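Colleague: Dropping in model-v7.cif, with mmCIF, C-alpha atoms.
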data_query
loop_
_atom_site.label_atom_id
_atom_site.label_comp_id
_atom_site.auth_asym_id
_atom_site.auth_seq_id
_atom_site.Cartn_x
_atom_site.Cartn_y
_atom_site.Cartn_z
CA MET A 1 30.64 11.13 -33.73
CA ARG A 2 30.83 7.39 -33.26
CA ASN A 3 34.33 7.78 -31.83
CA ASN A 4 33.13 10.45 -29.39
CA ARG A 5 30.45 8.10 -28.12
CA LEU A 6 32.99 5.34 -27.65
CA VAL A 7 35.27 7.65 -25.67
CA LEU A 8 32.34 8.74 -23.51
CA LEU A 9 31.39 5.11 -22.90
CA ALA A 10 34.98 4.25 -21.95
CA VAL A 11 35.14 7.19 -19.50
CA LEU A 12 31.79 6.30 -17.92
CA THR A 13 32.83 2.66 -17.54
CA ALA A 14 36.10 3.67 -15.90
CA VAL A 15 34.32 6.01 -13.45
CA ALA A 16 31.71 3.37 -12.57
CA GLY A 17 34.43 0.76 -12.10
CA ALA A 18 36.44 3.04 -9.84
CA SER A 19 33.52 3.85 -7.56
CA SER A 20 32.36 0.26 -7.15
CA ALA A 21 35.79 -1.23 -6.40
CA ALA A 22 37.46 1.69 -4.66
CA GLU A 23 38.79 -0.31 -1.70
CA THR A 24 41.38 -3.08 -1.77
CA ALA A 25 40.57 -6.55 -0.44
CA ALA A 26 43.26 -6.17 2.26
CA ASP A 27 41.64 -2.94 3.49
CA ASN A 28 38.16 -4.45 3.41
CA TYR A 29 39.45 -7.52 5.29
CA LYS A 30 41.00 -5.28 7.97
CA THR A 31 37.73 -3.38 8.40
CA TYR A 32 35.03 -6.03 8.15
CA CYS A 33 36.58 -9.50 8.63
CA VAL A 34 39.21 -8.96 11.34
CA GLN A 35 36.58 -8.33 14.06
CA CYS A 36 35.80 -12.11 14.00
CA HIS A 37 38.42 -13.80 11.81
CA GLY A 38 41.28 -11.98 13.58
CA SER A 39 44.14 -9.70 12.65
CA GLN A 40 46.18 -12.81 11.76
CA GLY A 41 43.31 -14.33 9.72
CA ASN A 42 43.40 -17.39 12.01
CA GLY A 43 39.77 -17.19 13.19
CA LYS A 44 40.70 -15.59 16.52
CA GLY A 45 39.20 -12.10 16.43
CA ILE A 46 38.20 -10.00 19.45
CA ASN A 47 34.56 -11.11 19.18
CA ILE A 48 34.93 -14.88 19.45
CA ARG A 49 34.89 -15.67 23.18
CA ASP A 50 31.13 -16.10 23.58
CA MET A 51 30.33 -17.42 20.10
CA SER A 52 28.60 -20.82 19.86
CA VAL A 53 30.32 -21.48 16.52
CA GLN A 54 33.90 -20.33 16.00
CA PRO A 55 34.84 -18.38 12.86
CA ARG A 56 36.73 -20.12 10.06
CA ASP A 57 40.54 -20.04 10.28
CA HIS A 58 41.40 -18.54 6.89
CA THR A 59 44.95 -19.88 7.11
CA ASP A 60 43.66 -23.47 7.34
CA ALA A 61 44.45 -24.77 3.84
CA LYS A 62 42.66 -28.07 4.41
CA ALA A 63 39.31 -26.48 5.33
CA MET A 64 39.57 -23.63 2.84
CA SER A 65 40.44 -25.90 -0.08
CA GLY A 66 37.12 -27.67 0.57
CA ARG A 67 35.21 -24.61 -0.70
CA THR A 68 34.90 -23.47 -4.29
CA ASP A 69 35.43 -19.80 -5.18
CA ASP A 70 31.69 -19.60 -5.92
CA GLU A 71 30.86 -20.89 -2.43
CA LEU A 72 33.22 -18.34 -0.84
CA PHE A 73 31.63 -15.58 -2.95
CA LYS A 74 28.16 -16.69 -1.86
CA VAL A 75 28.95 -16.93 1.85
CA ILE A 76 30.52 -13.46 1.87
CA LYS A 77 27.67 -11.88 -0.06
CA GLU A 78 24.70 -13.73 1.47
CA GLY A 79 26.00 -14.96 4.83
CA GLY A 80 26.57 -18.30 6.55
CA LEU A 81 22.98 -19.53 6.31
CA SER A 82 23.15 -19.40 2.48
CA ILE A 83 25.58 -22.34 2.50
CA ASP A 84 24.05 -24.05 5.58
CA LYS A 85 26.62 -22.60 7.95
CA SER A 86 26.26 -20.33 11.01
CA VAL A 87 24.06 -17.24 11.23
CA LEU A 88 27.03 -15.64 13.01
CA MET A 89 28.63 -15.13 9.58
CA PRO A 90 26.57 -12.19 8.30
CA PRO A 91 25.85 -11.19 4.67
CA TRP A 92 28.13 -8.42 3.36
CA GLY A 93 26.23 -7.80 0.11
CA ASP A 94 25.08 -4.33 1.19
CA THR A 95 28.60 -3.36 2.26
CA LEU A 96 30.83 -4.75 -0.51
CA SER A 97 30.28 -4.64 -4.27
CA ASP A 98 30.41 -7.88 -6.28
CA GLY A 99 33.82 -6.79 -7.58
CA GLU A 100 35.11 -6.25 -4.04
CA ILE A 101 33.77 -9.68 -3.01
CA ARG A 102 35.53 -11.34 -5.96
CA ASP A 103 38.76 -9.60 -4.88
CA MET A 104 38.11 -10.84 -1.32
CA VAL A 105 37.83 -14.45 -2.51
CA GLN A 106 41.28 -14.10 -4.08
CA HIS A 107 42.57 -12.47 -0.87
CA LEU A 108 41.33 -15.53 1.07
CA ARG A 109 43.14 -17.81 -1.39
CA GLY A 110 46.28 -15.85 -0.56
CA LEU A 111 45.74 -16.32 3.20
CA CYS A 112 45.21 -20.09 2.95
CA LYS A 113 47.78 -20.46 0.17
CA CYS A 114 45.32 -22.87 -1.37
CA ARG A 115 42.88 -23.45 -4.23
CA TYR A 116 39.69 -25.50 -4.35
CA GLY A 117 40.58 -29.18 -4.19
CA SER A 118 44.26 -28.63 -3.42
CA MET B 119 22.13 20.75 65.58
CA ASN B 120 18.39 21.09 65.83
CA ALA B 121 16.01 20.66 62.91
CA LEU B 122 15.41 24.39 62.52
CA MET B 123 19.10 25.16 62.21
CA THR B 124 19.58 22.31 59.74
CA ARG B 125 16.77 23.67 57.57
CA ALA B 126 18.23 27.19 57.70
CA LEU B 127 21.67 25.91 56.78
CA TRP B 128 20.18 23.89 53.92
CA ARG B 129 18.48 27.01 52.60
CA ALA B 130 21.62 29.10 52.99
CA VAL B 131 23.87 26.66 51.14
CA ALA B 132 21.74 24.59 48.82
CA ILE B 133 19.57 27.27 47.28
CA PRO B 134 22.45 29.47 46.07
CA VAL B 135 24.23 26.36 44.76
CA PHE B 136 21.17 25.25 42.78
CA ALA B 137 20.69 28.79 41.53
CA ALA B 138 24.30 28.96 40.38
CA LEU B 139 24.02 25.59 38.64
CA SER B 140 20.86 26.52 36.78
CA LEU B 141 22.36 29.87 35.85
CA ALA B 142 25.41 28.05 34.49
CA ALA B 143 23.13 25.76 32.47
CA TRP B 144 21.23 28.72 31.14
CA GLY B 145 24.40 30.67 30.46
CA ALA B 146 26.43 27.92 28.75
CA ASP B 147 26.35 28.04 24.96
CA GLY B 148 26.03 24.40 23.89
CA SER B 149 26.80 25.02 20.23
CA ALA B 150 29.96 26.94 21.11
CA ILE B 151 31.13 24.14 23.42
CA LEU B 152 30.46 21.60 20.66
CA GLN B 153 32.60 23.56 18.22
CA GLN B 154 35.41 24.22 20.69
CA GLN B 155 35.62 20.95 22.62
CA CYS B 156 33.93 18.22 20.58
CA ALA B 157 34.58 18.90 16.89
CA ALA B 158 38.15 17.54 16.99
CA CYS B 159 36.85 13.98 17.51
CA HIS B 160 33.21 14.17 16.40
CA ASN B 161 31.78 15.07 12.99
CA LEU B 162 29.14 17.75 13.61
CA THR B 163 28.32 18.58 10.01
CA GLY B 164 28.34 15.35 7.96
CA PRO B 165 28.58 13.54 5.72
CA ALA B 166 29.55 10.15 7.23
CA PRO B 167 32.85 8.62 6.02
CA GLN B 168 32.69 7.65 2.35
CA THR B 169 36.01 5.78 2.26
CA LEU B 170 37.72 3.30 4.58
CA GLN B 171 40.49 5.80 5.22
CA ALA B 172 37.93 8.33 6.48
CA LEU B 173 36.28 5.60 8.55
CA TRP B 174 39.56 4.63 10.20
CA ASN B 175 40.34 8.28 10.96
CA ARG B 176 37.13 8.73 12.91
CA LYS B 177 37.81 9.10 16.65
CA GLY B 178 34.27 9.12 18.02
CA PRO B 179 30.69 8.65 16.82
CA ASP B 180 29.38 11.08 14.21
CA LEU B 181 27.12 13.63 15.89
CA PHE B 182 25.57 15.43 12.93
CA TYR B 183 22.42 13.37 13.47
CA ALA B 184 22.66 13.25 17.29
CA GLY B 185 19.13 14.67 17.59
CA ASN B 186 17.80 11.74 15.59
CA LYS B 187 19.78 9.23 17.62
CA TYR B 188 20.12 9.95 21.32
CA ARG B 189 17.70 10.51 24.19
CA GLU B 190 18.36 13.93 25.68
CA ALA B 191 18.11 12.79 29.32
CA TRP B 192 20.74 10.12 28.66
CA LEU B 193 23.07 12.68 27.04
CA VAL B 194 22.80 15.03 30.03
CA SER B 195 23.65 12.25 32.44
CA TRP B 196 26.32 10.48 30.34
CA LEU B 197 28.22 13.69 29.53
CA GLN B 198 28.69 14.29 33.25
CA LYS B 199 29.77 10.73 33.96
CA PRO B 200 30.92 9.13 30.71
CA LYS B 201 31.37 5.36 30.60
CA PRO B 202 32.84 3.48 27.62
CA ILE B 203 30.20 2.32 25.12
CA ARG B 204 32.49 0.76 22.51
CA PRO B 205 34.66 -1.83 24.33
CA ALA B 206 37.23 -1.74 21.51
CA GLY B 207 36.97 1.97 20.80
CA GLU B 208 36.76 3.54 17.37
CA PHE B 209 38.20 2.42 14.97
CA TYR B 210 38.33 -1.01 16.69
CA GLY B 211 41.21 -2.14 14.43
CA ASP B 212 43.47 0.47 16.05
CA HIS B 213 42.81 -0.87 19.55
CA ILE B 214 43.51 -4.59 19.23
CA LYS B 215 46.65 -6.67 19.61
CA PRO B 216 47.36 -10.38 19.14
CA GLY B 217 47.31 -12.33 22.43
CA PRO B 218 47.86 -15.98 23.46
CA LYS B 219 44.21 -16.92 22.76
CA GLY B 220 43.72 -14.56 19.82
CA ASP B 221 43.16 -10.82 19.41
CA GLU B 222 42.60 -8.78 22.55
CA VAL B 223 41.49 -5.23 23.18
CA ASP B 224 44.56 -3.10 23.96
CA ALA B 225 43.09 -1.01 26.76
CA THR B 226 46.21 1.18 26.99
CA THR B 227 45.27 2.76 23.65
CA LEU B 228 41.72 3.73 24.69
CA LYS B 229 41.15 7.28 25.87
CA ALA B 230 38.50 8.27 28.40
CA HIS B 231 35.84 10.72 27.22
CA PRO B 232 36.07 14.11 29.00
CA ALA B 233 33.37 14.82 31.60
CA LEU B 234 31.35 18.03 31.60
CA GLY B 235 29.75 19.90 34.49
CA GLN B 236 25.99 19.82 34.87
CA GLY B 237 25.42 23.18 33.20
CA GLU B 238 27.64 22.40 30.24
CA ALA B 239 26.17 18.92 29.84
CA THR B 240 22.64 20.30 29.78
CA ALA B 241 23.56 22.96 27.22
CA VAL B 242 25.53 20.54 25.02
CA ALA B 243 22.71 17.97 25.09
CA ALA B 244 20.22 20.65 24.02
CA ALA B 245 22.52 21.71 21.16
CA LEU B 246 23.03 18.09 20.08
CA MET B 247 19.28 17.48 19.97
CA LYS B 248 19.05 20.15 17.27
CA LEU B 249 21.36 18.21 14.93
CA LYS B 250 18.88 16.22 12.88
CA ALA B 251 20.36 15.45 9.48
CA HIS B 252 18.34 12.25 9.14
CA ASP B 253 14.73 13.18 9.87
CA ASP B 254 14.00 11.42 6.55
CA LEU B 255 15.17 8.01 7.82
CA ILE B 256 13.46 8.42 11.21
CA ALA B 257 10.13 9.33 9.56
CA ARG B 258 10.02 5.92 7.88
CA GLU B 259 9.96 4.03 11.19
CA LYS B 260 6.88 3.30 13.25
CA ILE B 261 7.25 1.64 16.62
CA GLU B 262 4.32 -0.64 17.44
CA PRO B 263 3.32 -0.97 21.08
CA GLY B 264 3.66 -4.49 22.41
CA THR B 265 5.30 -6.75 24.93
CA LEU B 266 8.00 -9.35 24.62
CA SER B 267 9.52 -11.79 27.08
CA LYS B 268 13.22 -11.46 27.73
CA SER B 269 13.81 -15.05 26.64
CA MET B 270 12.07 -14.48 23.28
CA GLY B 271 14.06 -11.28 22.77
CA GLU B 272 17.29 -13.08 23.55
CA MET B 273 16.33 -15.87 21.14
CA VAL B 274 15.88 -13.36 18.29
CA PHE B 275 19.01 -11.38 19.20
CA ASP B 276 21.37 -14.31 19.85
CA LYS B 277 20.12 -17.34 17.97
CA PHE B 278 18.11 -16.09 14.97
CA LEU B 279 20.19 -13.05 14.08
CA GLY B 280 23.57 -13.54 15.79
CA CYS B 281 23.81 -9.91 16.98
CA MET B 282 25.74 -11.01 20.10
CA ALA B 283 28.70 -11.83 17.88
CA CYS B 284 29.64 -8.13 17.97
CA HIS B 285 27.48 -6.59 20.73
CA ARG B 286 27.41 -7.07 24.48
CA ILE B 287 24.01 -7.57 26.12
CA GLU B 288 25.53 -7.81 29.60
CA PRO B 289 28.69 -6.12 30.87
CA ASP B 290 30.59 -9.36 30.33
CA TYR B 291 28.70 -11.25 27.61
CA GLY B 292 28.90 -10.77 23.85
CA GLY B 293 31.25 -9.36 21.23
CA LEU B 294 33.49 -6.30 21.46
CA SER B 295 33.67 -4.63 18.06
CA GLY B 296 30.24 -2.99 18.28
CA PRO B 297 28.79 -0.68 20.93
CA GLU B 298 27.41 -2.36 24.07
CA LEU B 299 23.64 -2.68 23.94
CA TYR B 300 22.66 -3.20 27.57
CA THR B 301 22.18 0.56 27.90
CA ALA B 302 20.96 1.12 24.31
CA GLY B 303 17.31 1.42 25.36
CA GLU B 304 17.98 4.40 27.60
CA ARG B 305 20.63 5.82 25.23
CA LEU B 306 18.86 5.67 21.87
CA GLN B 307 15.52 6.69 20.40
CA PRO B 308 13.47 3.64 19.36
CA GLN B 309 13.01 4.85 15.77
CA PHE B 310 16.77 5.21 15.47
CA ILE B 311 17.33 1.65 16.69
CA ALA B 312 14.79 0.39 14.14
CA SER B 313 16.19 2.43 11.27
CA TYR B 314 19.81 1.58 12.00
CA ILE B 315 19.07 -2.17 12.13
CA ARG B 316 17.09 -1.86 8.88
CA SER B 317 20.09 -0.32 7.11
CA PRO B 318 23.29 0.58 8.95
CA GLN B 319 24.64 1.73 5.58
CA ALA B 320 21.89 4.36 5.19
CA TRP B 321 23.40 6.07 8.27
CA ASP B 322 27.05 5.17 7.83
CA PRO B 323 27.94 3.67 4.41
CA LYS B 324 31.30 2.15 5.42
CA ILE B 325 30.42 0.92 8.94
CA TRP B 326 31.51 -2.60 9.97
CA MET B 327 27.95 -3.58 10.93
CA PRO B 328 26.34 -5.60 8.12
CA ASN B 329 22.78 -5.26 6.85
CA LYS B 330 21.19 -8.57 7.87
CA HIS B 331 17.88 -7.79 6.14
CA VAL B 332 16.01 -8.13 9.42
CA SER B 333 12.22 -8.45 8.97
CA ASP B 334 9.86 -5.72 10.20
CA ALA B 335 8.52 -8.08 12.87
CA ASN B 336 12.01 -8.84 14.19
CA ILE B 337 13.00 -5.16 14.13
CA GLN B 338 10.03 -4.45 16.44
CA LYS B 339 11.09 -7.32 18.69
CA LEU B 340 14.68 -6.08 18.88
CA VAL B 341 13.55 -2.56 19.83
CA ARG B 342 11.40 -3.99 22.64
CA TYR B 343 14.17 -6.33 23.74
CA LEU B 344 16.76 -3.56 23.99
CA GLU B 345 14.36 -1.40 25.99
CA LEU B 346 13.74 -4.34 28.32
CA LEU B 347 17.48 -4.96 28.74
CA SER B 348 18.08 -1.33 29.55
CA LYS B 349 15.42 -1.26 32.25
CA GLU B 350 16.88 -4.40 33.77
CA ASN B 351 20.39 -2.94 33.67
CA ALA B 352 19.20 0.30 35.31
CA HIS B 353 17.48 -1.76 38.01
CA GLU B 354 20.66 -3.73 38.75
CA LYS B 355 22.86 -0.63 39.03
#
Would you give me this structure, written as structure tokens?
Modeller:
Amino acid sequence: MRNNRLVLLAVLTAVAGASSAAETAADNYKTYCVQCHGSQGNGKGINIRDMSVQPRDHTDAKAMSGRTDDELFKVIKEGGLSIDKSVLMPPWGDTLSDGEIRDMVQHLRGLCKCRYGS
Amino acid sequence: MNALMTRALWRAVAIPVFAALSLAAWGADGSAILQQQCAACHNLTGPAPQTLQALWNRKGPDLFYAGNKYREAWLVSWLQKPKPIRPAGEFYGDHIKPGPKGDEVDATTLKAHPALGQGEATAVAAALMKLKAHDDLIAREKIEPGTLSKSMGEMVFDKFLGCMACHRIEPDYGGLSGPELYTAGERLQPQFIASYIRSPQAWDPKIWMPNKHVSDANIQKLVRYLELLSKENAHEK
């Protein structure tokens, strides 16, 4: 009986996990981030011409290493204003799950080839 | 040619032409045209894409809630003389290429929307207006009467909310990944505009427009602003 419950719990957890993190960070980046941050991740997307503040170049190791993973998580989930940056960076918390945002932070670390403070 | 002859000629030519056109409108089966000519690119039955793959595969806007979204008069006119609404097409990621100053729209990959005759357009618009999968979302919106200056509207749209990042508010000002909004007021029903801003994900869970948690007061202002823009755009045409 106890074992059955454990199996059920494991199955439910797996199903919940699969539905909340179904998309890869690369696919989410291509869909949501590229419009402003560009197909090369260099901050030069199709939308930037008339923007008063230019999007972050995600390949810029110097700038990106100035942000902690927690700050990157927060700015993706809650938008630019949440870390005193531009309103032009919108909040993605209704689009991406927390798990997907954590994966995205790691994807950004791959683009800048950098960590916080290095 | 004297005036009498002109009038007679007008009657002889114009009246049968009008009669034929209205007969064609009456005779065309909008639902059948939708199934035969539109269903390859437009989703007429729902649901909206639930995965990114399905989102990327979409070739044109979903139409299963067209009757909740569009104004019928706009549909009739646009279907006869379609103009691009999404500067980077759908899915935008398939229509961009890297350029010297950054990504550019690759116009060679964009396809023009087919044009319909007046009768077909009228029949198709009527059929589209019956597709109302989201009456529930529309019923939650109430548009308050009121006025707004263009400069205040622009302040909310550009500065407070940053909508111009992705949307054009003039033919050559604003972002490219979202639909242009200088004709949105004549294109869209006000409750749809309000509801979509409130939660793009309620309409289209995977769409690349974020939910910015816009306040009720600002939603009302944006609806008024877009209607103002549209009138101005129509005036300038």
Colleague: Select, as a CSV table (one decimal) with C-alpha atoms, keeping the file's coordinate frame, those residues of chain A with any atom no more than 10 Å from chain B (distances computed using only C-alpha atoms).
Modeller:
chain,number,residue,atom,x,y,z
A,22,ALA,CA,37.5,1.7,-4.7
A,23,GLU,CA,38.8,-0.3,-1.7
A,24,THR,CA,41.4,-3.1,-1.8
A,27,ASP,CA,41.6,-2.9,3.5
A,28,ASN,CA,38.2,-4.4,3.4
A,30,LYS,CA,41.0,-5.3,8.0
A,31,THR,CA,37.7,-3.4,8.4
A,32,TYR,CA,35.0,-6.0,8.2
A,33,CYS,CA,36.6,-9.5,8.6
A,34,VAL,CA,39.2,-9.0,11.3
A,35,GLN,CA,36.6,-8.3,14.1
A,36,CYS,CA,35.8,-12.1,14.0
A,37,HIS,CA,38.4,-13.8,11.8
A,38,GLY,CA,41.3,-12.0,13.6
A,39,SER,CA,44.1,-9.7,12.6
A,40,GLN,CA,46.2,-12.8,11.8
A,42,ASN,CA,43.4,-17.4,12.0
A,43,GLY,CA,39.8,-17.2,13.2
A,44,LYS,CA,40.7,-15.6,16.5
A,45,GLY,CA,39.2,-12.1,16.4
A,46,ILE,CA,38.2,-10.0,19.4
A,47,ASN,CA,34.6,-11.1,19.2
A,48,ILE,CA,34.9,-14.9,19.4
A,49,ARG,CA,34.9,-15.7,23.2
A,50,ASP,CA,31.1,-16.1,23.6
A,51,MET,CA,30.3,-17.4,20.1
A,52,SER,CA,28.6,-20.8,19.9
A,53,VAL,CA,30.3,-21.5,16.5
A,78,GLU,CA,24.7,-13.7,1.5
A,79,GLY,CA,26.0,-15.0,4.8
A,86,SER,CA,26.3,-20.3,11.0
A,87,VAL,CA,24.1,-17.2,11.2
A,88,LEU,CA,27.0,-15.6,13.0
A,89,MET,CA,28.6,-15.1,9.6
A,90,PRO,CA,26.6,-12.2,8.3
A,91,PRO,CA,25.8,-11.2,4.7
A,92,TRP,CA,28.1,-8.4,3.4
A,93,GLY,CA,26.2,-7.8,0.1
A,94,ASP,CA,25.1,-4.3,1.2
A,95,THR,CA,28.6,-3.4,2.3
A,96,LEU,CA,30.8,-4.8,-0.5
Colleague: Leaving out region 64-74 of chain A and any residue of its chain fewer than 3 positions from it, which residues lie within 6 Å of it when counting all atoms listed in the file, given as a VMD selection string?
Modeller: chain A and resid 61 77 to 78 114 to 118
Colleague: For CA of Leu266 (chain B) and CA of Leu346 (chain B), quote the distance in Å rounded to one decimal.
Modeller: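 That distance, rounded to one decimal, is 8.5 Å.
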Colleague: What does the distance from CA of Thr301 (chain B) to CA of Gln54 (chain A) come to in Å, to one decimal?
Modeller: 26.7 Å
Colleague: Apply the PyMOL selection byres ((chain B and resi 342) around 8) to the file shown and report the selected residues as a list of chain:residue names.
Modeller: B:Gly264, B:Thr265, B:Leu266, B:Gly271, B:Gln338, B:Lys339, B:Leu340, B:Val341, B:Tyr343, B:Leu344, B:Glu345, B:Leu346
Colleague: Mind pulling up the distance from CA of Tyr183 (chain B) to CA of His252 (chain B)?
Modeller: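 Pair CA of His252 (chain B) / CA of Tyr183 (chain B) returns 6.1 Å.
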Colleague: Which residues come within 9 Å of Thr240 (chain B), counting all atoms listed in the file, excluding same-chain residues fewer than 2 positions away, as a VMD selection string?
Modeller: chain B and resid 143 to 144 146 148 190 to 191 193 to 195 197 235 to 238 242 to 245
Colleague: I need the output of the PyMOL selection byres ((chain A and resi 100) around 8) for this file as a list of chain:residue names; which residues are they?
Modeller: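 Applied to this file, the PyMOL selection byres ((chain A and resi 100) around 8) returns A:Ser20, A:Ala21, A:Glu23, A:Thr24, A:Ala25, A:Leu96, A:Ser97, A:Asp98, A:Gly99, A:Ile101, A:Arg102, A:Asp103, A:Met104.
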